[in-house]
Amino acid sequence: MPAHAATPTPGASQPAAALKPFDMADVTLSDGPFLHAQRMTEAYLMKLQPDRMLHNFRVNAGLKPKAPVYGGWESEPTWDEINCHGHTLGHYLSACALAYRSTKDARYKQRIDYIAGELAACQQAAGSGLVCAFPKGAALVAAHLRGDKITGVPWYTLHKVYAGLRDAALLADSAPSRAVLVRLADWGVVATKPLSDAEFETMLDTEHGGMNEIYADLFFMTGSAEYRTLAERFSHKAILAPLARGRDHLDGLHANTQVPKIVGFQRVYEMTGDAEYRDAAAFFWRTVAKTRSFASGGHGDEEHFFAMADFDKHVFSAKGSETCCQHNMLKLTRALFLHDPRAEYADYYERTLYNGILASQDPDTGMATYFQGARPGYMKLYHTPEDSFWCCTGTGMENHVKYRDSIYFHDDSALYVNLFVPSSVTWQEKGAVLTQTTTFPDTPTTTLRWALQRPTEVTLKLRHPGWSRTATVLVNGAEAVRSTVPGSYIDLARTWRDGDRVELRLVMEAAVESAPAAPDIVAFTYGPLVLAGALGRDGLAPGADIIVSERKYGSYNDTPFTAPTLAGDPRMLAQAIRPGAGPLEFTIASAEGKPVRLIPYHRVAHERYATYWQVKPAAA
């Protein structure tokens with residue numbers, strides 16, 4: 001479900017969600033790392049020029065472009081065969097819509113409406129609902145629909161345009177965007193109608209993003225039965241069927257081809273009530289989050305799932321944990337949580353949010369990573385402002401302007417606090433504002449204060465994370481609850497009064513994680529945070545982490561480097577981690593006798609690091 005959309009009113013066959021998200025307009029971020037990341041992305045969005053992203057759309061419609069095209073995936077011959085031209089515009093629309101909903105800055109709405117107006121002009125000039133920026137224009141899509149052999153991923157790219165227009169319509173109330181979207185959607189209905197079910201399924205062997213999710217959203221927006229039918233046709237049965245039966249057949253599959261489909265499966269379940277889609281989505285999540293993920297919440301090597309029996313052959317790749325995959329896994333996690341509000345979903349969301357999403361942004365420039373691999377001594381590599389435009393550049397535009405969408409949730413009588421982020425939420429129906437003050441994760445506590453128009457009966461549900469042995473809750477200074485059930489919610493059901501204060505105290509401890517097939521390869525954690533060895537800049541030139549080609553990950557900055565080694569029993573090593581000079585700074589002794597500085601992975605930037613360690617046996 002889109003980050004902003006309220007749960008649809010269920011029909012006879014549509015399951016009602018257990019929870020509702022708060023409108024992002026009703027959540028405010030306070031100073032902290034998430035607000036900083038948002039502001040960095042806001043600045044980047046304002047620097048980008050819509051006419052440069054619109055260049056090829058206008059060319060394909062027979063219109064004169066108004067500005068030169070951007071580089072990288074958008075125009076350079078090196079990337080022609082992937083046919084992702086135009087995906088950036090779609091992500092940009094989504095990001096501007098998210099930013100507008102979060103900040104109400106009218107400049108985002110102006111940009112959205114301008115882009116929609118330009119796309120409408122393209123539709124008018126071309127005499128078609130299709131808008132695209134491919135070098136071969138509509139001919140590429142026509143060939144794909146005929147079943148001809150093509151290169152690239154046209155439906156994947158079009159999905160970003162559909163999604164951007166959807167977000168613009170729903171988040172920014174953009175009537176021009178809705179009009180363009182409906183015309184594009186109707187084109188899709190007509191263009192795909194001649195395909196038999198077998199031909200459609202063959203077409204879906206090529207990456208197509210979350211087209212099933214888009215058409216399900218369009219059904220909820222319009223009630224059109226044609227959109228409902230197309231949402232189901234765009235659901236890849238070769239992936240759906242085994243997952244629904246609880247079969248993990250993911251080894252070797254391209255990871256981010258699959259995750260958006262699964263997000264769509266959950267949305268189709270919400271549209272139809274067909275349990276097959278729900279079961280497939282839930283099983284996929286359990287498989288990826290519980291058995292295929294690294295300590296950071298990321299997964300995959302060179303964009304593909306691998307057999308976990310071969311963990312040792314993949315964990316130290318420079319091309320692990322594609323950031324787009326983390327973005328989409330969080331979309332799936334959130335969608336599942338709304339129907340089944342279990343703390344384990346929120347625990348995974350928190351871990352991946354810190355160690356995948358927040359960690360993906362250069363805190364100094366706002367640029368984002370593609371991979372976040374664990375090659376010891378490698379470094380995070382970020383895109384350039386105008387010559388990269390990777391898929392992860394696009395999702396990166398969205399990631400940091402939607403942090404407020406998953407901090408709080410509610411049903412008719414309860415408010416869930418899922419994330420410990422300095423913020424406030426307004427519950428309009430209750431006449432209530434809940435303000436959260438915290439320096440988490442620097443300190444494992446958070447304080448919540450009610451501002452109420454009248455005494456109000458609400459159950460406050462505080463997440464007791466799986467990483468905290470105990471959780472203690474104080475109400476107005478007096479202990480109210482002591483929980484010894486990690487991975488649960490603490491219920492505070494009472495009539496609250498204006499000014500009531502709640503404090504949640506958690507326990508953060510160093511721990512160790514490893515895969516069953518490689519117990520001697522470990523990562524260290526502290527609460528939800530992955531601790532990385534901060535290994536300095538030896539041999540690295542200034543700016544060497546700003547790159548153009550994501551294909552060269554692993555060869556950039558590949559000067560010889562020997563990372564420290566660790567020796568001993570991994571559990572004893574975790575217990576031997578000692579506090580360092582500042583908050584969330586630690587040291588651990590290396591086998592060479594020198595201390596290694598450990599810091600949260602999300603705070604690593606512009607230096608070499610190690611998140612996984614091949615631990616040697618202790619010296620005799």
# chains A, B, ... in the order shown; residues from 1 in each chain; ligands from 1
$ select_by_dssp --residues "range 229-461 of chain A" --states "helix (DSSP H, G or I)" --output "number ranges by chain"
A: 229-233, 237-244, 255-272, 275-291, 308-314, 323-339, 343-360, 391-399, 403-406, 428-430
$ write_last_selection --atoms "C-alpha atoms" --output "short mmCIF file (atom, residue, chain, number, x, y, z; two decimals), in the first residue's frame"
data_model
loop_
_atom_site.label_atom_id
_atom_site.label_comp_id
_atom_site.auth_asym_id
_atom_site.auth_seq_id
_atom_site.Cartn_x
_atom_site.Cartn_y
_atom_site.Cartn_z
CA THR A 229 -8.18 -7.67 -13.76
CA LEU A 230 -4.86 -6.27 -14.90
CA ALA A 231 -3.49 -6.27 -11.36
CA GLU A 232 -4.08 -10.01 -11.23
CA ARG A 233 -2.67 -10.56 -14.73
CA LYS A 237 2.20 -16.95 -11.26
CA ALA A 238 5.59 -18.70 -11.61
CA ILE A 239 6.68 -16.82 -8.48
CA LEU A 240 3.31 -16.73 -6.72
CA ALA A 241 2.41 -20.42 -6.81
CA PRO A 242 5.43 -21.96 -5.04
CA LEU A 243 5.59 -19.19 -2.43
CA ALA A 244 1.92 -19.65 -1.61
CA ALA A 255 16.39 -10.22 -5.95
CA ASN A 256 14.88 -6.85 -6.75
CA THR A 257 12.95 -8.30 -9.65
CA GLN A 258 11.05 -10.32 -7.06
CA VAL A 259 10.52 -8.01 -4.07
CA PRO A 260 8.26 -5.48 -5.86
CA LYS A 261 6.14 -8.36 -7.19
CA ILE A 262 5.65 -9.57 -3.64
CA VAL A 263 4.66 -6.09 -2.46
CA GLY A 264 2.11 -6.31 -5.25
CA PHE A 265 0.93 -9.74 -4.10
CA GLN A 266 0.03 -8.26 -0.71
CA ARG A 267 -1.81 -5.39 -2.39
CA VAL A 268 -3.72 -7.79 -4.65
CA TYR A 269 -4.70 -9.72 -1.51
CA GLU A 270 -6.07 -6.48 -0.09
CA MET A 271 -8.00 -6.00 -3.33
CA THR A 272 -9.39 -9.52 -3.71
CA ALA A 275 -5.45 -15.89 0.60
CA GLU A 276 -2.98 -17.27 -1.95
CA TYR A 277 -1.54 -13.79 -2.43
CA ARG A 278 -1.37 -13.13 1.31
CA ASP A 279 0.30 -16.46 2.04
CA ALA A 280 2.87 -15.92 -0.71
CA ALA A 281 3.76 -12.46 0.60
CA ALA A 282 4.05 -13.59 4.22
CA PHE A 283 6.14 -16.66 3.36
CA PHE A 284 8.46 -14.61 1.15
CA TRP A 285 8.99 -12.12 3.99
CA ARG A 286 9.80 -14.87 6.49
CA THR A 287 12.19 -16.49 4.04
CA VAL A 288 14.08 -13.31 3.17
CA ALA A 289 13.99 -11.50 6.52
CA LYS A 290 14.59 -14.52 8.72
CA THR A 291 16.88 -16.80 6.72
CA MET A 308 22.66 -19.79 2.23
CA ALA A 309 24.80 -22.92 2.40
CA ASP A 310 27.26 -20.83 0.36
CA PHE A 311 27.16 -17.86 2.74
CA ASP A 312 30.94 -17.84 3.10
CA LYS A 313 31.34 -17.45 -0.68
CA HIS A 314 29.11 -14.36 -0.85
CA THR A 323 19.82 -0.58 -1.41
CA CYS A 324 16.73 -0.85 -3.65
CA CYS A 325 16.06 -4.28 -2.15
CA GLN A 326 16.05 -2.83 1.35
CA HIS A 327 13.71 -0.05 0.21
CA ASN A 328 11.25 -2.58 -1.18
CA MET A 329 11.56 -5.01 1.73
CA LEU A 330 10.51 -2.18 4.04
CA LYS A 331 7.49 -1.48 1.83
CA LEU A 332 6.55 -5.15 2.13
CA THR A 333 7.17 -5.23 5.88
CA ARG A 334 4.97 -2.21 6.44
CA ALA A 335 2.16 -3.62 4.31
CA LEU A 336 2.20 -6.92 6.19
CA PHE A 337 2.34 -5.17 9.56
CA LEU A 338 -0.85 -3.23 8.83
CA HIS A 339 -2.76 -6.52 8.56
CA ALA A 343 6.56 -6.82 16.78
CA GLU A 344 8.89 -8.93 14.65
CA TYR A 345 7.87 -6.91 11.59
CA ALA A 346 8.69 -3.69 13.43
CA ASP A 347 11.99 -5.13 14.68
CA TYR A 348 13.07 -5.97 11.13
CA TYR A 349 11.88 -2.57 9.92
CA GLU A 350 13.96 -0.79 12.54
CA ARG A 351 17.09 -2.82 11.85
CA THR A 352 16.91 -2.30 8.10
CA LEU A 353 15.96 1.37 8.47
CA TYR A 354 19.14 2.13 10.43
CA ASN A 355 21.61 -0.26 8.81
CA GLY A 356 20.27 -0.12 5.27
CA ILE A 357 18.36 3.08 4.55
CA LEU A 358 19.85 5.67 6.91
CA ALA A 359 23.25 4.09 6.26
CA SER A 360 22.85 4.52 2.50
CA CYS A 391 17.87 2.63 -9.58
CA CYS A 392 19.13 3.25 -6.04
CA THR A 393 19.52 6.93 -6.84
CA GLY A 394 15.79 6.92 -7.50
CA THR A 395 14.71 4.99 -4.43
CA GLY A 396 17.27 7.05 -2.53
CA MET A 397 15.31 10.19 -3.42
CA GLU A 398 12.25 8.61 -1.80
CA ASN A 399 13.83 6.92 1.23
CA TYR A 403 10.77 8.47 7.48
CA ARG A 404 7.66 9.71 9.28
CA ASP A 405 5.38 7.14 7.62
CA SER A 406 6.18 4.22 9.93
CA GLN A 428 -7.07 14.24 14.78
CA GLU A 429 -10.01 12.04 15.78
CA LYS A 430 -8.90 11.99 19.42
#
$ residues_around --residues "range 166-180 of chain A" --least-positions-apart "2" --cutoff "10 Å" --atoms "only C-alpha atoms" --output "PDB file with N, CA and C atoms, in the first residue's frame"
ATOM      1  N   PRO A   2       0.553   2.274  -0.770  1.00  0.00           N
ATOM      2  CA  PRO A   2       1.366   3.482  -0.768  1.00  0.00           C
ATOM      3  C   PRO A   2       1.509   4.039   0.643  1.00  0.00           C
ATOM      4  N   ALA A   3       2.652   4.685   0.889  1.00  0.00           N
ATOM      5  CA  ALA A   3       2.972   5.121   2.240  1.00  0.00           C
ATOM      6  C   ALA A   3       1.933   6.063   2.818  1.00  0.00           C
ATOM      7  N   HIS A   4       1.177   6.738   1.966  1.00  0.00           N
ATOM      8  CA  HIS A   4       0.254   7.763   2.410  1.00  0.00           C
ATOM      9  C   HIS A   4      -1.183   7.294   2.489  1.00  0.00           C
ATOM     10  N   ALA A   5      -1.506   6.188   1.817  1.00  0.00           N
ATOM     11  CA  ALA A   5      -2.903   5.854   1.572  1.00  0.00           C
ATOM     12  C   ALA A   5      -3.548   5.285   2.821  1.00  0.00           C
ATOM     13  N   ASP A  23      -1.483   9.823   8.558  1.00  0.00           N
ATOM     14  CA  ASP A  23      -1.098  10.672   7.439  1.00  0.00           C
ATOM     15  C   ASP A  23       0.254  11.310   7.776  1.00  0.00           C
ATOM     16  N   MET A  24       1.180  11.273   6.822  1.00  0.00           N
ATOM     17  CA  MET A  24       2.489  11.876   7.086  1.00  0.00           C
ATOM     18  C   MET A  24       2.382  13.345   7.431  1.00  0.00           C
ATOM     19  N   ALA A  25       1.319  14.010   6.969  1.00  0.00           N
ATOM     20  CA  ALA A  25       1.115  15.415   7.300  1.00  0.00           C
ATOM     21  C   ALA A  25       0.827  15.606   8.784  1.00  0.00           C
ATOM     22  N   GLY A  90      10.068   9.231 -12.680  1.00  0.00           N
ATOM     23  CA  GLY A  90       9.062   8.610 -11.830  1.00  0.00           C
ATOM     24  C   GLY A  90       9.433   8.664 -10.362  1.00  0.00           C
ATOM     25  N   HIS A  91      10.666   8.287 -10.043  1.00  0.00           N
ATOM     26  CA  HIS A  91      11.121   8.366  -8.654  1.00  0.00           C
ATOM     27  C   HIS A  91      11.070   9.813  -8.157  1.00  0.00           C
ATOM     28  N   LEU A  93       9.039  12.212  -9.063  1.00  0.00           N
ATOM     29  CA  LEU A  93       7.659  12.554  -8.738  1.00  0.00           C
ATOM     30  C   LEU A  93       7.262  11.984  -7.373  1.00  0.00           C
ATOM     31  N   SER A  94       7.603  10.723  -7.129  1.00  0.00           N
ATOM     32  CA  SER A  94       7.284  10.124  -5.826  1.00  0.00           C
ATOM     33  C   SER A  94       7.964  10.885  -4.702  1.00  0.00           C
ATOM     34  N   ALA A  95       9.237  11.209  -4.893  1.00  0.00           N
ATOM     35  CA  ALA A  95       9.980  11.904  -3.844  1.00  0.00           C
ATOM     36  C   ALA A  95       9.393  13.283  -3.578  1.00  0.00           C
ATOM     37  N   CYS A  96       9.053  14.010  -4.630  1.00  0.00           N
ATOM     38  CA  CYS A  96       8.466  15.337  -4.436  1.00  0.00           C
ATOM     39  C   CYS A  96       7.103  15.234  -3.750  1.00  0.00           C
ATOM     40  N   ALA A  97       6.346  14.196  -4.094  1.00  0.00           N
ATOM     41  CA  ALA A  97       5.053  14.005  -3.451  1.00  0.00           C
ATOM     42  C   ALA A  97       5.217  13.692  -1.970  1.00  0.00           C
ATOM     43  N   LEU A  98       6.170  12.825  -1.647  1.00  0.00           N
ATOM     44  CA  LEU A  98       6.446  12.511  -0.244  1.00  0.00           C
ATOM     45  C   LEU A  98       6.929  13.746   0.506  1.00  0.00           C
ATOM     46  N   ALA A  99       7.808  14.507  -0.118  1.00  0.00           N
ATOM     47  CA  ALA A  99       8.326  15.715   0.515  1.00  0.00           C
ATOM     48  C   ALA A  99       7.215  16.742   0.716  1.00  0.00           C
ATOM     49  N   TYR A 100       6.324  16.851  -0.265  1.00  0.00           N
ATOM     50  CA  TYR A 100       5.221  17.798  -0.125  1.00  0.00           C
ATOM     51  C   TYR A 100       4.311  17.396   1.027  1.00  0.00           C
ATOM     52  N   ARG A 101       3.985  16.104   1.103  1.00  0.00           N
ATOM     53  CA  ARG A 101       3.088  15.655   2.178  1.00  0.00           C
ATOM     54  C   ARG A 101       3.734  15.856   3.544  1.00  0.00           C
ATOM     55  N   SER A 102       5.053  15.718   3.587  1.00  0.00           N
ATOM     56  CA  SER A 102       5.760  15.838   4.857  1.00  0.00           C
ATOM     57  C   SER A 102       5.942  17.290   5.293  1.00  0.00           C
ATOM     58  N   LYS A 104       4.617  20.277   3.341  1.00  0.00           N
ATOM     59  CA  LYS A 104       3.664  21.233   2.763  1.00  0.00           C
ATOM     60  C   LYS A 104       4.371  22.401   2.066  1.00  0.00           C
ATOM     61  N   ALA A 106       5.158  24.357  -0.890  1.00  0.00           N
ATOM     62  CA  ALA A 106       4.424  24.468  -2.154  1.00  0.00           C
ATOM     63  C   ALA A 106       5.314  24.259  -3.373  1.00  0.00           C
ATOM     64  N   TYR A 108       7.257  21.845  -4.051  1.00  0.00           N
ATOM     65  CA  TYR A 108       7.161  20.462  -4.523  1.00  0.00           C
ATOM     66  C   TYR A 108       5.889  20.268  -5.343  1.00  0.00           C
ATOM     67  N   LYS A 109       4.805  20.820  -4.885  1.00  0.00           N
ATOM     68  CA  LYS A 109       3.541  20.716  -5.623  1.00  0.00           C
ATOM     69  C   LYS A 109       3.672  21.407  -6.986  1.00  0.00           C
ATOM     70  N   GLN A 110       4.334  22.530  -7.020  1.00  0.00           N
ATOM     71  CA  GLN A 110       4.525  23.246  -8.286  1.00  0.00           C
ATOM     72  C   GLN A 110       5.307  22.397  -9.274  1.00  0.00           C
ATOM     73  N   ILE A 112       5.571  19.098  -9.275  1.00  0.00           N
ATOM     74  CA  ILE A 112       4.734  17.957  -9.642  1.00  0.00           C
ATOM     75  C   ILE A 112       3.744  18.359 -10.733  1.00  0.00           C
ATOM     76  N   ASP A 113       3.033  19.435 -10.522  1.00  0.00           N
ATOM     77  CA  ASP A 113       2.028  19.853 -11.499  1.00  0.00           C
ATOM     78  C   ASP A 113       2.670  20.257 -12.822  1.00  0.00           C
ATOM     79  N   TYR A 114       3.861  20.843 -12.753  1.00  0.00           N
ATOM     80  CA  TYR A 114       4.553  21.197 -13.992  1.00  0.00           C
ATOM     81  C   TYR A 114       4.907  19.937 -14.788  1.00  0.00           C
ATOM     82  N   ILE A 115       5.476  18.938 -14.113  1.00  0.00           N
ATOM     83  CA  ILE A 115       5.844  17.698 -14.798  1.00  0.00           C
ATOM     84  C   ILE A 115       4.606  17.029 -15.377  1.00  0.00           C
ATOM     85  N   ALA A 116       3.535  16.973 -14.600  1.00  0.00           N
ATOM     86  CA  ALA A 116       2.304  16.360 -15.095  1.00  0.00           C
ATOM     87  C   ALA A 116       1.783  17.098 -16.322  1.00  0.00           C
ATOM     88  N   GLY A 117       1.870  18.417 -16.303  1.00  0.00           N
ATOM     89  CA  GLY A 117       1.439  19.188 -17.464  1.00  0.00           C
ATOM     90  C   GLY A 117       2.268  18.881 -18.694  1.00  0.00           C
ATOM     91  N   GLU A 118       3.567  18.713 -18.503  1.00  0.00           N
ATOM     92  CA  GLU A 118       4.445  18.364 -19.623  1.00  0.00           C
ATOM     93  C   GLU A 118       4.139  16.954 -20.146  1.00  0.00           C
ATOM     94  N   LEU A 119       3.879  16.011 -19.254  1.00  0.00           N
ATOM     95  CA  LEU A 119       3.536  14.660 -19.692  1.00  0.00           C
ATOM     96  C   LEU A 119       2.184  14.646 -20.414  1.00  0.00           C
ATOM     97  N   ALA A 120       1.257  15.469 -19.949  1.00  0.00           N
ATOM     98  CA  ALA A 120      -0.025  15.580 -20.647  1.00  0.00           C
ATOM     99  C   ALA A 120       0.178  16.118 -22.063  1.00  0.00           C
ATOM    100  N   ALA A 121       1.085  17.081 -22.210  1.00  0.00           N
ATOM    101  CA  ALA A 121       1.392  17.610 -23.544  1.00  0.00           C
ATOM    102  C   ALA A 121       2.008  16.525 -24.423  1.00  0.00           C
ATOM    103  N   CYS A 122       2.836  15.661 -23.823  1.00  0.00           N
ATOM    104  CA  CYS A 122       3.412  14.544 -24.580  1.00  0.00           C
ATOM    105  C   CYS A 122       2.318  13.582 -25.037  1.00  0.00           C
ATOM    106  N   GLN A 123       1.374  13.265 -24.133  1.00  0.00           N
ATOM    107  CA  GLN A 123       0.274  12.381 -24.520  1.00  0.00           C
ATOM    108  C   GLN A 123      -0.539  12.983 -25.663  1.00  0.00           C
ATOM    109  N   GLY A 129      -1.779   7.417 -24.690  1.00  0.00           N
ATOM    110  CA  GLY A 129      -1.603   7.541 -23.249  1.00  0.00           C
ATOM    111  C   GLY A 129      -0.212   7.182 -22.791  1.00  0.00           C
ATOM    112  N   LEU A 130       0.547   6.467 -23.622  1.00  0.00           N
ATOM    113  CA  LEU A 130       1.893   6.044 -23.252  1.00  0.00           C
ATOM    114  C   LEU A 130       2.845   7.229 -23.260  1.00  0.00           C
ATOM    115  N   VAL A 131       3.568   7.399 -22.164  1.00  0.00           N
ATOM    116  CA  VAL A 131       4.684   8.346 -22.106  1.00  0.00           C
ATOM    117  C   VAL A 131       5.920   7.564 -21.714  1.00  0.00           C
ATOM    118  N   LYS A 160       7.889   2.939 -12.598  1.00  0.00           N
ATOM    119  CA  LYS A 160       8.315   4.110 -11.818  1.00  0.00           C
ATOM    120  C   LYS A 160       7.499   5.337 -12.204  1.00  0.00           C
ATOM    121  N   VAL A 161       7.168   5.460 -13.499  1.00  0.00           N
ATOM    122  CA  VAL A 161       6.355   6.598 -13.940  1.00  0.00           C
ATOM    123  C   VAL A 161       4.936   6.466 -13.397  1.00  0.00           C
ATOM    124  N   TYR A 162       4.350   5.284 -13.529  1.00  0.00           N
ATOM    125  CA  TYR A 162       3.035   5.039 -12.930  1.00  0.00           C
ATOM    126  C   TYR A 162       3.053   5.397 -11.434  1.00  0.00           C
ATOM    127  N   ALA A 163       4.047   4.881 -10.713  1.00  0.00           N
ATOM    128  CA  ALA A 163       4.092   5.076  -9.264  1.00  0.00           C
ATOM    129  C   ALA A 163       4.274   6.546  -8.907  1.00  0.00           C
ATOM    130  N   GLY A 164       5.105   7.259  -9.675  1.00  0.00           N
ATOM    131  CA  GLY A 164       5.290   8.675  -9.411  1.00  0.00           C
ATOM    132  C   GLY A 164       4.003   9.457  -9.591  1.00  0.00           C
ATOM    133  N   VAL A 182      -4.402   8.148 -15.287  1.00  0.00           N
ATOM    134  CA  VAL A 182      -5.551   7.378 -15.778  1.00  0.00           C
ATOM    135  C   VAL A 182      -5.422   7.127 -17.276  1.00  0.00           C
ATOM    136  N   ARG A 183      -4.942   8.119 -18.013  1.00  0.00           N
ATOM    137  CA  ARG A 183      -4.775   7.910 -19.456  1.00  0.00           C
ATOM    138  C   ARG A 183      -3.679   6.873 -19.717  1.00  0.00           C
ATOM    139  N   LEU A 184      -2.588   6.922 -18.938  1.00  0.00           N
ATOM    140  CA  LEU A 184      -1.529   5.925 -19.063  1.00  0.00           C
ATOM    141  C   LEU A 184      -2.057   4.542 -18.675  1.00  0.00           C
ATOM    142  N   ALA A 185      -2.846   4.482 -17.610  1.00  0.00           N
ATOM    143  CA  ALA A 185      -3.403   3.208 -17.158  1.00  0.00           C
ATOM    144  C   ALA A 185      -4.340   2.618 -18.211  1.00  0.00           C
ATOM    145  N   ASP A 186      -5.149   3.454 -18.816  1.00  0.00           N
ATOM    146  CA  ASP A 186      -6.058   2.965 -19.849  1.00  0.00           C
ATOM    147  C   ASP A 186      -5.286   2.475 -21.078  1.00  0.00           C
ATOM    148  N   ILE A 214       0.538  -1.359  -8.759  1.00  0.00           N
ATOM    149  CA  ILE A 214       0.027  -0.131  -9.364  1.00  0.00           C
ATOM    150  C   ILE A 214      -1.422  -0.295  -9.801  1.00  0.00           C
ATOM    151  N   ASP A 217      -3.707  -0.437  -6.883  1.00  0.00           N
ATOM    152  CA  ASP A 217      -3.920   0.925  -6.377  1.00  0.00           C
ATOM    153  C   ASP A 217      -4.908   1.685  -7.256  1.00  0.00           C
ATOM    154  N   LEU A 218      -4.766   1.525  -8.575  1.00  0.00           N
ATOM    155  CA  LEU A 218      -5.686   2.196  -9.491  1.00  0.00           C
ATOM    156  C   LEU A 218      -7.118   1.696  -9.300  1.00  0.00           C
ATOM    157  N   MET A 221      -8.408   3.468  -6.385  1.00  0.00           N
ATOM    158  CA  MET A 221      -8.623   4.881  -6.695  1.00  0.00           C
ATOM    159  C   MET A 221      -9.875   5.107  -7.533  1.00  0.00           C
TER     160      MET A 221
END
$ closest_residue --among "A:Gly377, A:Gln453, A:Leu45, A:Ala515" --to "Pro560 in chain A" --atoms "only C-alpha atoms"
A:Gly377
$ atom_distance --atom1 "CA of Pro595 in chain A" --atom2 "CA of Pro516 in chain A"
27.9 Å
$ residues_around --residues "Ala18 in chain A" --least-positions-apart "2" --cutoff "12 Å" --atoms "only C-alpha atoms" --output "PyMOL selection string"
chain A and resi 6-8+10+15-16+20-21+270+335-342+409-414+416
$ write_last_selection --atoms "C-alpha atoms" --output "PDB file, in the first residue's frame"
ATOM      1  CA  ALA A   6      -5.512   5.158   4.196  1.00  0.00           C
ATOM      2  CA  THR A   7      -6.724   1.589   4.420  1.00  0.00           C
ATOM      3  CA  PRO A   8      -9.492   1.211   1.819  1.00  0.00           C
ATOM      4  CA  PRO A  10     -13.361  -3.157   2.482  1.00  0.00           C
ATOM      5  CA  PRO A  15     -10.054  -7.898   4.125  1.00  0.00           C
ATOM      6  CA  ALA A  16      -9.992  -5.002   6.550  1.00  0.00           C
ATOM      7  CA  LYS A  20      -4.141   2.401   9.880  1.00  0.00           C
ATOM      8  CA  PRO A  21      -1.075   4.528   9.200  1.00  0.00           C
ATOM      9  CA  GLU A 270      -6.074  -6.481  -0.085  1.00  0.00           C
ATOM     10  CA  ALA A 335       2.161  -3.616   4.312  1.00  0.00           C
ATOM     11  CA  LEU A 336       2.203  -6.923   6.187  1.00  0.00           C
ATOM     12  CA  PHE A 337       2.336  -5.169   9.557  1.00  0.00           C
ATOM     13  CA  LEU A 338      -0.854  -3.231   8.833  1.00  0.00           C
ATOM     14  CA  HIS A 339      -2.764  -6.521   8.560  1.00  0.00           C
ATOM     15  CA  ASP A 340      -0.819  -8.483  11.171  1.00  0.00           C
ATOM     16  CA  PRO A 341       0.752  -6.080  13.685  1.00  0.00           C
ATOM     17  CA  ARG A 342       3.480  -8.261  15.119  1.00  0.00           C
ATOM     18  CA  PHE A 409       0.150   3.479  13.686  1.00  0.00           C
ATOM     19  CA  HIS A 410      -3.328   3.225  15.167  1.00  0.00           C
ATOM     20  CA  ASP A 411      -6.630   1.426  15.249  1.00  0.00           C
ATOM     21  CA  ASP A 412      -9.829   2.856  16.718  1.00  0.00           C
ATOM     22  CA  SER A 413      -8.603   2.707  20.304  1.00  0.00           C
ATOM     23  CA  ALA A 414      -4.836   2.134  20.354  1.00  0.00           C
ATOM     24  CA  TYR A 416       1.345   1.973  18.370  1.00  0.00           C
TER      25      TYR A 416
END
$ select_by_dssp --residues "range 153-379 of chain A" --states "strand (DSSP E or B)" --output "count of residues only"
12
